[in-house]
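Presented below is the structure to which this report refers.
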Amino acid sequence: MADKIYPSSKQFTGKPNPNFPASKPRPVYRPQAIRNRRSCCCRFCLWITVLLLVLILIVAAAGGAFYVLYRPHRPSFAVTSLQVVQFNLTSSNQLNTKFNFTVTARNPNKKISFGFDSVSVAIDSNGVDVGDGSIPAFVMPKKNVTRLRTVVAANGRSVEDSSGLKSDLKSKKSVPVVIRLDTKVKVKVGSLKTKKVPIRVVCKGVRVTPPVGKAVTTASSDDVECEVDVRIKIWKWTI
């Protein structure tokens, strides 16, 4: 038997084998479509940026013109008087209070008026709510001064033994209080009216002395200036 010789003795002639089809050349990859999409995206972002810048400039110019023409200022509030008619704590830690409260509101603007909803008034001391009241809705015309009066009271309100208010009342000392006013205000400029915006007025630095018997005491306020904060609500947060 003859031996097989590897590799075969047949020589490669260089001619293609007719039994196999000739290989086709691969297409050359050209990322032209991706480049076009990127270019369009860049142009879109550029136009958005330019548009935002133009809008910001327009708003800034309008705001500057409005300020120059109208010189807007917030209304101001000051505690004019706080009379203490009743401020006592019973043996069962029940608080009873009554205050005659007067606040002065000023509108310094020459071309802007304000319309206020009813105002809720709260007085607290050492974190304890010692009285609540309300002021009816009112309007403040241009360059106007309005004096507002109301009664703030609490009846049978529980106070904890550990409260600093209880120790202050027992020591017969003057008690520091904070007065808060919450309302909504609408601004009117000429014939233009804005939507109502919540505001909070906080008056600190007031001290009251609990009266003895039927005597009425007056708090030392000395026209305490109050801070006015616009309260804007964004979803769950109020700023």
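Residues in the structure tokens are numbered from 1 in each chain, the chains being A, B, ... in the order shown, and ligands are numbered from 1 in the order shown.
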Which neighbours of Ala105 of chain A fall inside 12 Å, counting only C-alpha atoms, when residues of the same chain fewer than 2 positions from it are skipped, and could you give them as a PyMOL selection string?
-> chain A and resi 74-80+102-103+107-108+114+116+138-141+143-149+181+201+223+225-228
So which bits of segment 63-148 of chain A end up strand (DSSP E or B) when you DSSP the backbone, as a PyMOL selection string?
-> chain A and resi 76-89+94-107+112-116+119-125+128-135+138-140+144-148
Residues within 12 Å of Gly115 of chain A, please, as an mmCIF file with N, CA and C atoms, in the first residue's frame. Count only C-alpha atoms; anything in the same chain fewer than 6 positions from it doesn't count.
```cif
data_model
loop_
_atom_site.group_PDB
_atom_site.id
_atom_site.type_symbol
_atom_site.label_atom_id
_atom_site.label_comp_id
_atom_site.auth_asym_id
_atom_site.auth_seq_id
_atom_site.Cartn_x
_atom_site.Cartn_y
_atom_site.Cartn_z
ATOM 1 N N PRO A 75 -44.684 97.275 51.836
ATOM 2 C CA PRO A 75 -45.354 97.958 52.960
ATOM 3 C C PRO A 75 -44.633 97.628 54.256
ATOM 4 N N ASN A 107 -47.762 102.486 53.608
ATOM 5 C CA ASN A 107 -47.465 102.276 52.196
ATOM 6 C C ASN A 107 -46.651 103.469 51.705
ATOM 7 N N PRO A 136 -59.844 92.352 59.814
ATOM 8 C CA PRO A 136 -60.585 92.279 58.543
ATOM 9 C C PRO A 136 -59.738 92.752 57.368
ATOM 10 N N ALA A 137 -60.151 92.354 56.168
ATOM 11 C CA ALA A 137 -59.451 92.764 54.950
ATOM 12 C C ALA A 137 -59.463 94.288 54.827
ATOM 13 N N PHE A 138 -58.423 94.824 54.221
ATOM 14 C CA PHE A 138 -58.334 96.277 54.074
ATOM 15 C C PHE A 138 -57.507 96.623 52.843
ATOM 16 N N VAL A 139 -57.618 97.884 52.415
ATOM 17 C CA VAL A 139 -56.898 98.389 51.243
ATOM 18 C C VAL A 139 -56.003 99.535 51.686
ATOM 19 N N MET A 140 -54.778 99.551 51.161
ATOM 20 C CA MET A 140 -53.847 100.637 51.440
ATOM 21 C C MET A 140 -53.587 101.415 50.155
ATOM 22 N N PRO A 141 -54.176 102.601 50.009
ATOM 23 C CA PRO A 141 -53.900 103.423 48.821
ATOM 24 C C PRO A 141 -52.458 103.926 48.816
ATOM 25 N N LYS A 142 -52.123 104.702 47.814
ATOM 26 C CA LYS A 142 -50.769 105.237 47.689
ATOM 27 C C LYS A 142 -50.476 106.201 48.844
ATOM 28 N N THR A 183 -51.161 86.847 55.953
ATOM 29 C CA THR A 183 -52.223 87.286 55.065
ATOM 30 C C THR A 183 -51.774 87.109 53.619
ATOM 31 N N LYS A 184 -52.625 87.546 52.690
ATOM 32 C CA LYS A 184 -52.280 87.592 51.267
ATOM 33 C C LYS A 184 -52.492 89.014 50.774
ATOM 34 N N VAL A 185 -51.618 89.437 49.878
ATOM 35 C CA VAL A 185 -51.676 90.814 49.389
ATOM 36 C C VAL A 185 -51.698 90.816 47.870
ATOM 37 N N LYS A 186 -52.454 91.769 47.335
ATOM 38 C CA LYS A 186 -52.533 91.980 45.889
ATOM 39 C C LYS A 186 -52.022 93.381 45.593
ATOM 40 N N VAL A 187 -51.151 93.508 44.595
ATOM 41 C CA VAL A 187 -50.535 94.783 44.256
ATOM 42 C C VAL A 187 -51.249 95.372 43.042
ATOM 43 N N LYS A 188 -51.502 96.681 43.111
ATOM 44 C CA LYS A 188 -52.150 97.384 42.007
ATOM 45 C C LYS A 188 -51.247 98.513 41.537
ATOM 46 N N VAL A 189 -50.893 98.460 40.238
ATOM 47 C CA VAL A 189 -50.073 99.490 39.616
ATOM 48 C C VAL A 189 -50.871 100.034 38.438
ATOM 49 N N LYS A 193 -53.304 94.652 37.988
ATOM 50 C CA LYS A 193 -53.405 94.012 39.295
ATOM 51 C C LYS A 193 -52.694 92.666 39.252
ATOM 52 N N THR A 194 -51.920 92.384 40.275
ATOM 53 C CA THR A 194 -51.223 91.107 40.355
ATOM 54 C C THR A 194 -52.084 90.078 41.083
ATOM 55 N N LYS A 195 -51.650 88.836 41.031
ATOM 56 C CA LYS A 195 -52.311 87.801 41.819
ATOM 57 C C LYS A 195 -51.942 87.968 43.295
ATOM 58 N N LYS A 196 -52.731 87.358 44.156
ATOM 59 C CA LYS A 196 -52.480 87.452 45.590
ATOM 60 C C LYS A 196 -51.257 86.629 45.972
ATOM 61 N N VAL A 197 -50.408 87.233 46.783
ATOM 62 C CA VAL A 197 -49.171 86.582 47.223
ATOM 63 C C VAL A 197 -49.179 86.494 48.751
ATOM 64 N N PRO A 198 -48.903 85.317 49.331
ATOM 65 C CA PRO A 198 -48.856 85.209 50.800
ATOM 66 C C PRO A 198 -47.678 85.992 51.382
#
```
Can you check which residues of segment 35-209 of chain A DSSP gives as helix (DSSP H, G or I) on the backbone and send them as a ChimeraX atom specification?
-> /A:35-70,164-170
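In this model, the gap between atom CA of Thr150 of chain A and atom CA of Pro211 of chain A comes to 19.1 Å.
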Can you list, as an NGL selection string, every protein, DNA or RNA residue that comes within 6 Å of segment 156-171 of chain A when you count only C-alpha atoms, leaving out same-chain residues fewer than 5 positions away?
-> :A and (93-96 or 126)
Selection from above, C-alpha atoms, as a short mmCIF file (atom, residue, chain, number, x, y, z; two decimals), in the first residue's frame, can you write it?
```
data_model
loop_
_atom_site.label_atom_id
_atom_site.label_comp_id
_atom_site.auth_asym_id
_atom_site.auth_seq_id
_atom_site.Cartn_x
_atom_site.Cartn_y
_atom_site.Cartn_z
CA ASN A 93 -51.88 74.67 83.74
CA GLN A 94 -54.71 76.29 81.78
CA LEU A 95 -53.70 79.56 80.12
CA ASN A 96 -56.14 82.47 79.76
CA ASN A 126 -41.31 80.58 74.59
#
```
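You can rank A:Gly190, A:Pro210, A:Gly133, A:Gly205 by their closest distance to Ser174 of chain A using only C-alpha atoms, and at the top of that list sits A:Pro210.
For the set A:Asn109, A:Phe101, A:Val59, A:Val177, the residue with the smallest atom-to-atom gap to Ser81 of chain A is A:Phe101, counting only C-alpha atoms.
Of the residues under consideration (A:Val128, A:Leu57, A:Cys41, A:Leu82), A:Leu82 shows the shortest atom-to-atom contact distance to Ser220 of chain A when counting only C-alpha atoms.
Each of A:Ala60, A:Leu192, A:Pro72, A:Val84 was checked against Val216 of chain A using only C-alpha atoms; the smallest atom-to-atom distance is that of A:Val84.
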Rank A:Lys110, A:Lys214, A:Arg43, A:Lys204 by their smallest atom-to-atom distance to Pro176 of chain A, using only C-alpha atoms, and report the top residue only.
-> A:Lys204
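Put simply, atom CA of Ser91 of chain A is 27.3 Å away from atom CA of Val121 of chain A.
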Straight-line distance linking atom CA of Ile179 of chain A with atom CA of Asp132 of chain A, stated in Å to one decimal = 9.8 Å
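Distance check against Val206 of chain A using only C-alpha atoms: of A:Asp229, A:Asp182, A:Asp124, A:Asp129, the minimum falls on A:Asp124.
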